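Source file: upload04.cif; contents: mmCIF, C-alpha atoms.
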```cif
data_structure
loop_
_atom_site.label_atom_id
_atom_site.label_comp_id
_atom_site.auth_asym_id
_atom_site.auth_seq_id
_atom_site.Cartn_x
_atom_site.Cartn_y
_atom_site.Cartn_z
CA MET A 1 95.92 222.74 -199.29
CA ARG A 2 93.49 222.30 -202.20
CA GLU A 3 90.45 220.08 -201.77
CA ILE A 4 89.19 217.83 -204.58
CA SER A 5 86.07 215.76 -204.08
CA ALA A 6 86.01 212.02 -204.56
CA GLN A 7 82.88 212.50 -206.65
CA GLU A 8 84.81 214.68 -209.12
CA ILE A 9 87.40 211.93 -209.48
CA THR A 10 84.70 209.31 -210.06
CA GLU A 11 83.06 211.41 -212.76
CA ALA A 12 86.37 212.04 -214.52
CA VAL A 13 87.36 208.36 -214.52
CA ALA A 14 83.94 207.33 -215.84
CA ARG A 15 84.17 209.84 -218.69
CA LEU A 16 87.76 208.93 -219.55
CA SER A 17 86.94 205.20 -219.57
CA ILE A 18 84.31 205.79 -222.25
CA GLU A 19 86.33 208.29 -224.29
CA ALA A 20 89.40 206.03 -224.33
CA CYS A 21 87.36 203.18 -225.80
CA TYR A 22 85.48 205.32 -228.34
CA TYR A 23 87.99 207.85 -229.69
CA LEU A 24 91.38 206.97 -231.17
CA GLY A 25 93.94 209.71 -230.53
CA ASN A 26 94.97 212.04 -233.33
CA ASP A 27 98.59 210.97 -232.90
CA VAL A 28 97.62 207.36 -233.62
CA VAL A 29 95.45 208.30 -236.61
CA ASN A 30 98.28 210.39 -238.06
CA ALA A 31 100.76 207.54 -237.55
CA LEU A 32 98.40 205.10 -239.27
CA CYS A 33 97.92 207.48 -242.23
CA LYS A 34 101.68 207.91 -242.56
CA ALA A 35 102.17 204.15 -242.41
CA ARG A 36 99.48 203.63 -245.04
CA GLU A 37 101.32 205.91 -247.48
CA ALA A 38 104.61 204.10 -246.92
CA GLU A 39 103.30 200.51 -246.90
CA PRO A 40 104.37 198.65 -250.08
CA SER A 41 101.97 195.72 -249.65
CA PRO A 42 98.56 196.22 -251.32
CA LEU A 43 96.94 193.97 -248.72
CA GLY A 44 98.72 195.88 -245.97
CA ARG A 45 97.39 199.19 -247.31
CA GLU A 46 93.87 197.74 -247.50
CA ILE A 47 94.05 196.61 -243.87
CA LEU A 48 95.33 200.00 -242.74
CA ASP A 49 92.44 201.62 -244.61
CA MET A 50 90.02 199.38 -242.73
CA ILE A 51 91.64 200.22 -239.38
CA LEU A 52 91.28 203.92 -240.14
CA GLU A 53 87.67 203.44 -241.26
CA ASN A 54 86.94 201.51 -238.07
CA ALA A 55 88.32 204.38 -235.99
CA GLU A 56 86.14 206.88 -237.85
CA ILE A 57 83.01 204.72 -237.45
CA ALA A 58 83.72 204.42 -233.73
CA ARG A 59 84.23 208.18 -233.40
CA ARG A 60 81.08 209.15 -235.30
CA GLY A 61 78.84 206.49 -233.83
CA GLU A 62 80.33 206.56 -230.32
CA PHE A 63 81.05 202.84 -230.39
CA PRO A 64 84.01 201.00 -228.87
CA LEU A 65 87.00 200.77 -231.21
CA CYS A 66 87.32 197.09 -230.32
CA GLN A 67 85.07 194.52 -228.66
CA ASP A 68 87.84 193.98 -226.08
CA THR A 69 87.55 197.11 -223.96
CA GLY A 70 90.39 195.95 -221.82
CA PHE A 71 91.67 195.75 -218.30
CA THR A 72 91.38 199.32 -217.01
CA VAL A 73 94.80 200.65 -216.04
CA VAL A 74 94.75 204.04 -214.29
CA PHE A 75 97.81 206.21 -213.77
CA VAL A 76 97.35 208.82 -211.05
CA GLU A 77 99.70 211.75 -210.49
CA ILE A 78 98.60 213.46 -207.29
CA GLY A 79 99.98 216.74 -205.99
CA GLN A 80 101.21 216.62 -202.40
CA ASP A 81 99.11 219.72 -201.62
CA VAL A 82 95.83 217.98 -202.58
CA HIS A 83 93.36 216.71 -200.01
CA ILE A 84 90.66 214.27 -201.17
CA VAL A 85 87.32 214.96 -199.52
CA GLY A 86 84.10 212.98 -199.47
CA GLY A 87 85.60 209.56 -199.99
CA ASP A 88 88.63 207.37 -200.62
CA LEU A 89 90.81 208.03 -203.70
CA TYR A 90 91.04 204.42 -204.82
CA GLU A 91 87.38 203.66 -204.25
CA ALA A 92 86.49 206.80 -206.22
CA ILE A 93 88.54 205.46 -209.15
CA VAL A 94 86.97 202.01 -208.85
CA GLU A 95 83.50 203.54 -208.89
CA GLY A 96 84.44 205.62 -211.94
CA VAL A 97 85.47 202.49 -213.83
CA ARG A 98 82.29 200.71 -212.73
CA ARG A 99 80.13 203.61 -213.88
CA GLY A 100 81.99 204.22 -217.15
CA TYR A 101 81.81 200.60 -218.27
CA ARG A 102 78.12 200.47 -217.45
CA GLU A 103 77.13 203.79 -219.03
CA GLY A 104 79.39 203.31 -222.07
CA TYR A 105 78.11 199.77 -222.73
CA LEU A 106 81.71 198.54 -222.59
CA ARG A 107 82.51 194.85 -222.32
CA LYS A 108 83.30 193.63 -218.82
CA SER A 109 86.36 191.38 -219.03
CA ILE A 110 87.72 190.96 -215.48
CA VAL A 111 87.43 187.66 -213.59
CA ARG A 112 87.99 186.80 -209.94
CA GLN A 113 90.03 183.79 -208.83
CA PRO A 114 92.28 183.81 -211.89
CA PHE A 115 93.49 180.21 -211.61
CA SER A 116 90.21 178.53 -210.63
CA ALA A 117 86.57 179.63 -210.92
CA ARG A 118 87.27 182.72 -213.10
CA VAL A 119 83.89 184.30 -212.34
CA ASN A 120 83.35 187.65 -214.07
CA THR A 121 83.20 190.58 -211.64
CA GLY A 122 80.44 192.06 -213.80
CA ASP A 123 81.67 195.67 -213.85
CA ASN A 124 85.29 195.53 -215.09
CA THR A 125 86.65 196.21 -211.64
CA PRO A 126 89.04 196.22 -209.97
CA PRO A 127 91.29 198.42 -212.12
CA VAL A 128 95.06 198.43 -211.83
CA ILE A 129 96.10 201.75 -210.29
CA HIS A 130 99.60 203.25 -210.39
CA THR A 131 100.07 206.30 -208.17
CA THR A 132 102.82 208.91 -208.19
CA ILE A 133 103.04 211.78 -205.68
CA LEU A 134 104.39 215.04 -207.08
CA PRO A 135 104.65 218.67 -205.97
CA GLY A 136 101.56 220.78 -206.63
CA GLU A 137 97.83 220.94 -206.04
CA HIS A 138 96.37 219.04 -208.97
CA ILE A 139 95.50 215.45 -209.82
CA LYS A 140 96.27 214.05 -213.26
CA LEU A 141 94.33 210.95 -214.27
CA ILE A 142 95.27 208.78 -217.23
CA VAL A 143 92.87 205.95 -218.07
CA ALA A 144 94.44 203.33 -220.34
CA PRO A 145 92.30 200.26 -221.15
CA LYS A 146 94.60 197.37 -222.17
CA GLY A 147 93.26 194.53 -224.29
CA GLY A 148 94.07 190.94 -223.43
CA GLY A 149 95.52 189.98 -226.81
CA SER A 150 98.30 192.54 -226.70
CA GLU A 151 98.84 192.28 -222.93
CA ASN A 152 99.45 188.55 -223.29
CA MET A 153 102.38 189.42 -225.54
CA SER A 154 104.54 190.75 -222.68
CA TYR A 155 108.10 189.70 -221.96
CA LEU A 156 110.65 190.17 -219.19
CA CYS A 157 114.30 189.21 -219.02
CA MET A 158 116.86 189.80 -216.28
CA PHE A 159 119.98 190.12 -218.42
CA PRO A 160 123.55 190.21 -217.18
CA PRO A 161 125.05 193.67 -217.76
CA ALA A 162 127.31 192.25 -220.48
CA ALA A 163 124.25 191.76 -222.75
CA GLY A 164 124.34 195.49 -223.41
CA ARG A 165 122.63 197.35 -226.22
CA GLN A 166 122.83 194.47 -228.67
CA GLY A 167 121.25 192.03 -226.23
CA ILE A 168 118.40 194.44 -225.58
CA THR A 169 117.77 195.03 -229.29
CA ASP A 170 117.81 191.32 -230.12
CA PHE A 171 115.44 190.55 -227.23
CA VAL A 172 112.88 193.17 -228.22
CA VAL A 173 112.92 192.20 -231.90
CA GLU A 174 112.61 188.50 -231.07
CA SER A 175 109.73 189.26 -228.69
CA VAL A 176 107.83 190.98 -231.51
CA ASN A 177 108.68 188.16 -233.90
CA LYS A 178 107.40 185.49 -231.48
CA SER A 179 104.21 187.47 -230.95
CA GLY A 180 103.39 187.54 -234.66
CA ALA A 181 99.77 188.50 -235.34
CA ASN A 182 98.61 187.97 -231.73
CA PRO A 183 98.85 191.62 -230.57
CA CYS A 184 96.95 192.88 -233.67
CA PRO A 185 99.66 194.84 -235.50
CA PRO A 186 100.54 197.50 -236.35
CA ILE A 187 101.68 197.79 -232.75
CA ILE A 188 103.39 200.19 -230.41
CA VAL A 189 106.36 198.52 -228.71
CA GLY A 190 106.79 199.66 -225.11
CA VAL A 191 110.22 198.86 -223.66
CA GLY A 192 111.45 199.30 -220.10
CA ILE A 193 115.15 199.14 -219.30
CA GLY A 194 116.60 199.27 -215.81
CA GLY A 195 115.30 199.43 -212.27
CA THR A 196 114.13 196.17 -210.74
CA MET A 197 111.91 193.39 -212.08
CA GLU A 198 108.65 195.18 -211.28
CA GLN A 199 109.95 198.67 -212.12
CA THR A 200 111.10 197.74 -215.62
CA ALA A 201 107.68 196.22 -216.38
CA LEU A 202 106.01 199.45 -215.27
CA LEU A 203 108.41 201.47 -217.43
CA ALA A 204 107.37 199.42 -220.46
CA LYS A 205 103.71 200.07 -219.71
CA ARG A 206 104.26 203.79 -219.17
CA ALA A 207 106.16 204.01 -222.46
CA LEU A 208 102.89 203.26 -224.27
CA LEU A 209 101.43 206.55 -222.99
CA ARG A 210 103.83 208.69 -224.99
CA GLU A 211 102.60 210.47 -228.12
CA VAL A 212 103.02 207.90 -230.88
CA GLY A 213 106.32 208.29 -232.67
CA ARG A 214 107.68 211.09 -230.49
CA PRO A 215 111.30 210.13 -229.82
CA HIS A 216 112.80 209.94 -226.36
CA PRO A 217 114.45 213.25 -225.34
CA ASP A 218 117.78 211.48 -224.68
CA PRO A 219 119.50 211.09 -228.10
CA GLU A 220 121.07 207.76 -227.09
CA VAL A 221 117.69 206.29 -226.17
CA ALA A 222 116.07 207.81 -229.27
CA ALA A 223 118.71 206.13 -231.44
CA LEU A 224 117.96 202.79 -229.78
CA GLU A 225 114.23 203.27 -230.49
CA ALA A 226 114.94 203.99 -234.15
CA ASP A 227 117.21 200.97 -234.53
CA ILE A 228 114.69 198.59 -232.96
CA LEU A 229 111.82 200.01 -235.06
CA GLU A 230 113.81 199.54 -238.27
CA ARG A 231 114.56 195.90 -237.40
CA VAL A 232 110.99 195.18 -236.29
CA ASN A 233 109.59 196.49 -239.56
CA ARG A 234 111.95 194.22 -241.50
CA LEU A 235 110.32 191.14 -239.93
CA GLY A 236 107.57 191.13 -242.57
CA ILE A 237 104.72 190.50 -240.10
CA GLY A 238 102.78 193.53 -241.34
CA PRO A 239 99.26 194.77 -240.55
CA LEU A 240 97.26 192.08 -238.72
CA GLY A 241 100.10 189.65 -239.41
CA LEU A 242 99.30 189.33 -243.13
CA GLY A 243 102.58 190.68 -244.46
CA GLY A 244 104.11 194.07 -245.11
CA ARG A 245 106.50 196.55 -243.55
CA THR A 246 104.14 198.12 -241.05
CA THR A 247 104.53 195.79 -238.10
CA ALA A 248 105.06 198.63 -235.61
CA LEU A 249 104.12 202.29 -235.71
CA ALA A 250 106.66 203.19 -233.04
CA VAL A 251 109.06 201.89 -230.42
CA HIS A 252 109.02 203.78 -227.12
CA VAL A 253 111.78 203.10 -224.60
CA GLU A 254 111.88 204.30 -220.99
CA THR A 255 114.89 203.80 -218.73
CA PHE A 256 115.76 203.85 -215.02
CA PRO A 257 119.03 203.36 -213.13
CA CYS A 258 119.74 199.76 -212.16
CA HIS A 259 121.96 197.64 -209.91
CA ILE A 260 125.56 197.00 -210.96
CA ALA A 261 124.76 193.28 -211.30
CA SER A 262 121.55 193.68 -213.30
CA LEU A 263 120.10 194.71 -216.64
CA PRO A 264 116.32 194.20 -216.48
CA VAL A 265 114.39 194.58 -219.74
CA ALA A 266 110.62 194.37 -220.26
CA VAL A 267 108.51 194.49 -223.42
CA ASN A 268 104.82 195.43 -223.40
CA LEU A 269 103.08 195.44 -226.78
CA GLN A 270 100.08 197.62 -227.62
CA CYS A 271 97.68 196.88 -230.47
CA HIS A 272 96.74 199.51 -233.05
CA SER A 273 93.84 200.63 -230.80
CA VAL A 274 96.17 202.74 -228.65
CA ARG A 275 93.67 203.77 -226.00
CA HIS A 276 94.35 206.29 -223.26
CA LYS A 277 92.74 209.56 -222.25
CA GLU A 278 93.70 211.98 -219.50
CA ALA A 279 92.33 214.81 -217.40
CA ILE A 280 93.77 217.25 -214.88
CA LEU A 281 91.61 218.16 -211.89
#
```

Please, can you express the file's structure as structure tokens?
Amino acid sequence: MREISAQEITEAVARLSIEACYYLGNDVVNALCKAREAEPSPLGREILDMILENAEIARRGEFPLCQDTGFTVVFVEIGQDVHIVGGDLYEAIVEGVRRGYREGYLRKSIVRQPFSARVNTGDNTPPVIHTTILPGEHIKLIVAPKGGGSENMSYLCMFPPAAGRQGITDFVVESVNKSGANPCPPIIVGVGIGGTMEQTALLAKRALLREVGRPHPDPEVAALEADILERVNRLGIGPLGLGGRTTALAVHVETFPCHIASLPVAVNLQCHSVRHKEAIL
């Protein structure tokens, strides 16, 4: 049994919260550069240049990529042979978020009593935490701040099985079309298929963690991703909704077995500030 201190978890989450908001991943930068070269719209190319410049300014100056530093979503993969000492796992994560948002001068965006007083919690807590228990003696932490503009553009449909591949494709493309400029394109389209209502939504969120543009290992799913991406980029929404072919940088689909009577599908859109950082303890 390996011991990991709660303090070590807090420190890692604090650091990852800051790094996720300051430093755009190389996979995203590469995807944006590739899109810039292929974009036929002069205005679209200009916007992509500005997005890339913004990312470089944030990296060099250690500033947030966006003023909306998001709802902090934390994915935890914990080995079954790990024992947390010196505190509670979840409270250690909460304290890490609290510390990271304070020390990184990140905007605090979380409010209590969502349908009434909506008083700001003042420290961007509580985070949303998703935990998976796996074999081993390590903890993997992924901190993924999610901005409100893109998170608001989320969709769920409980299809009948007869909807099939075509129904899924049409639903995802129409979801992007309805969203327009709201999620700050170019976007990553996270899609969950299967499971139950809550599981398919989580699949869509997890899909956004994949390296941008890396196809699903299952050829059938990868072909679905490519088909949806091609249709999305024919919508003409373009960078920041001002026209062009670069509406999405990638479509990432994750699947899970489902009930014989069901075909759940969820869409979770991610803006061009694709923010997530990870650490293994």

Six-sided padding of 8 Å per side, axis-aligned box over segment 69-76 of chain A, centre and edges in Å, one decimal, as JSON:
```
{"center_x": 92.7, "center_y": 202.3, "center_z": -217.5, "size_x": 26.3, "size_y": 29.1, "size_z": 28.9}
```

Open item on the list: Need the shell around segment 19-35 of chain A: protein/DNA/RNA residues with any atom at most 6 Å away, counting only C-alpha atoms. Skip same-chain ones fewer than 6 positions apart. Format as JSON, numbers by chain?
Closed with: {"A": [58, 59, 62, 63, 64, 65, 212, 275, 276, 277]}

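Using only C-alpha atoms, the residues found no farther than 12 Å from Ala6 of chain A, other than those of its own chain fewer than 4 positions away, are Thr10, Glu11, Ala12, Val13, Val82, His83, Ile84, Val85, Gly86, Gly87, Asp88, Leu89, Tyr90, Glu91, Ala92, Ile93, Val94, Glu95, Gly96, Ile139 and Leu281 of chain A.
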
Could you list, as an mmCIF file with C-alpha atoms, keeping the file's coordinate frame, every residue matched by the PyMOL selection byres ((chain A and resi 106) around 10) in this structure?
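The resulting file, out_20.cif, is shown below:
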```cif
data_model
loop_
_atom_site.group_PDB
_atom_site.id
_atom_site.type_symbol
_atom_site.label_atom_id
_atom_site.label_comp_id
_atom_site.auth_asym_id
_atom_site.auth_seq_id
_atom_site.Cartn_x
_atom_site.Cartn_y
_atom_site.Cartn_z
ATOM 1 C CA SER A 17 86.940 205.200 -219.570
ATOM 2 C CA ILE A 18 84.310 205.790 -222.250
ATOM 3 C CA CYS A 21 87.360 203.180 -225.800
ATOM 4 C CA TYR A 22 85.480 205.320 -228.340
ATOM 5 C CA PHE A 63 81.050 202.840 -230.390
ATOM 6 C CA PRO A 64 84.010 201.000 -228.870
ATOM 7 C CA CYS A 66 87.320 197.090 -230.320
ATOM 8 C CA GLN A 67 85.070 194.520 -228.660
ATOM 9 C CA ASP A 68 87.840 193.980 -226.080
ATOM 10 C CA THR A 69 87.550 197.110 -223.960
ATOM 11 C CA GLY A 70 90.390 195.950 -221.820
ATOM 12 C CA GLY A 100 81.990 204.220 -217.150
ATOM 13 C CA TYR A 101 81.810 200.600 -218.270
ATOM 14 C CA ARG A 102 78.120 200.470 -217.450
ATOM 15 C CA GLU A 103 77.130 203.790 -219.030
ATOM 16 C CA GLY A 104 79.390 203.310 -222.070
ATOM 17 C CA TYR A 105 78.110 199.770 -222.730
ATOM 18 C CA ARG A 107 82.510 194.850 -222.320
ATOM 19 C CA LYS A 108 83.300 193.630 -218.820
ATOM 20 C CA SER A 109 86.360 191.380 -219.030
ATOM 21 C CA ASP A 123 81.670 195.670 -213.850
ATOM 22 C CA ASN A 124 85.290 195.530 -215.090
#
```

Task: Of the listed residues A:Gly236, A:Arg231, A:Met197, A:Val189, that which approaches Val253 of chain A most closely, counting all atoms listed in the file - done: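 Counting all atoms listed in the file, the residue closest to Val253 of chain A is A:Val189.
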
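Distances from A:Val274, A:Ala181, A:Ala223, A:Val74 to Gly147 of chain A were compared using all atoms listed in the file, and the smallest one belongs to A:Val274.
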
Task: Nearest-residue call for Pro186 of chain A, choices A:Ala279, A:Ala250, A:Ala261, A:Met1, using only C-alpha atoms - done: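 Checking each of A:Ala279, A:Ala250, A:Ala261, A:Met1 against Pro186 of chain A, counting only C-alpha atoms, the winner is A:Ala250.
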
TODO: Name the residues in contact with Gly44 of chain A at a cut-off of 9 Å, using only C-alpha atoms, excluding same-chain residues fewer than 3 positions from it; report them as number ranges by chain.
DONE: A: 36, 39-41, 47-49, 238-240, 242-246

Go ahead and dump the residues you just picked, C-alpha atoms, as an mmCIF file, keeping the file's coordinate frame.
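Generated file (selection.cif):
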```cif
data_model
loop_
_atom_site.group_PDB
_atom_site.id
_atom_site.type_symbol
_atom_site.label_atom_id
_atom_site.label_comp_id
_atom_site.auth_asym_id
_atom_site.auth_seq_id
_atom_site.Cartn_x
_atom_site.Cartn_y
_atom_site.Cartn_z
ATOM 1 C CA ARG A 36 99.480 203.630 -245.040
ATOM 2 C CA GLU A 39 103.300 200.510 -246.900
ATOM 3 C CA PRO A 40 104.370 198.650 -250.080
ATOM 4 C CA SER A 41 101.970 195.720 -249.650
ATOM 5 C CA ILE A 47 94.050 196.610 -243.870
ATOM 6 C CA LEU A 48 95.330 200.000 -242.740
ATOM 7 C CA ASP A 49 92.440 201.620 -244.610
ATOM 8 C CA GLY A 238 102.780 193.530 -241.340
ATOM 9 C CA PRO A 239 99.260 194.770 -240.550
ATOM 10 C CA LEU A 240 97.260 192.080 -238.720
ATOM 11 C CA LEU A 242 99.300 189.330 -243.130
ATOM 12 C CA GLY A 243 102.580 190.680 -244.460
ATOM 13 C CA GLY A 244 104.110 194.070 -245.110
ATOM 14 C CA ARG A 245 106.500 196.550 -243.550
ATOM 15 C CA THR A 246 104.140 198.120 -241.050
#
```

Open item on the list: Given the PyMOL selection byres ((chain A and resi 136) around 9) and the file above, list the residues it selects as a PyMOL selection string.
Closed with: chain A and resi 78-82+134-135+137-139

TODO: Fewer than 6 positions away in the same chain doesn't count, so skip those; otherwise give me all residues within 9 Å of Ser154 of chain A, counting all atoms listed in the file, as a ChimeraX atom specification.
DONE: /A:175,179,201,266-269

Open item on the list: List the spatial neighbours of Val265 of chain A as number ranges by chain - criterion: any atom at most 8 Å away, only C-alpha atoms, same-chain residues fewer than 3 positions off excluded.
Closed with: A: 156-159, 168, 191-194, 200-201

TODO: Please measure the separation of atom CA of Thr255 of chain A and atom CA of Leu202 of chain A, giving the value in Å to one decimal.
DONE: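 One can read the atom CA of Thr255 of chain A to atom CA of Leu202 of chain A distance as 10.5 Å.
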
- [ ] Could you tell me how far atom CA of Leu208 of chain A lies from atom CA of Ser273 of chain A, in Å and to one decimal?
- [x] 11.5 Å

Open item on the list: Under the rule that all atoms listed in the file are counted, which of A:His259, A:His216, A:Arg99, A:Lys178 is the nearest residue to Gly190 of chain A?
Closed with: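 Once distances to Gly190 of chain A are computed over all atoms listed in the file, the minimum belongs to A:His216.
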
Open item on the list: Rounded to one decimal, what separation in Å do you get between atom CA of Glu37 of chain A and atom CA of Lys146 of chain A?
Closed with: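 Pair atom CA of Glu37 of chain A / atom CA of Lys146 of chain A returns 27.5 Å.
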
- [ ] Could you check which of A:Val143, A:Ala207, A:Val232, A:Leu249 is closest to Ala14 of chain A, using only C-alpha atoms?
- [x]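 Of all the options, A:Val143 lies closest to Ala14 of chain A.
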
Open item on the list: Given only C-alpha atoms as the basis, pick out the residue of A:Ala55, A:Ile188, A:Val128, A:Val221 nearest to Phe71 of chain A.
Closed with: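 Smallest distance to Phe71 of chain A is found for A:Val128.
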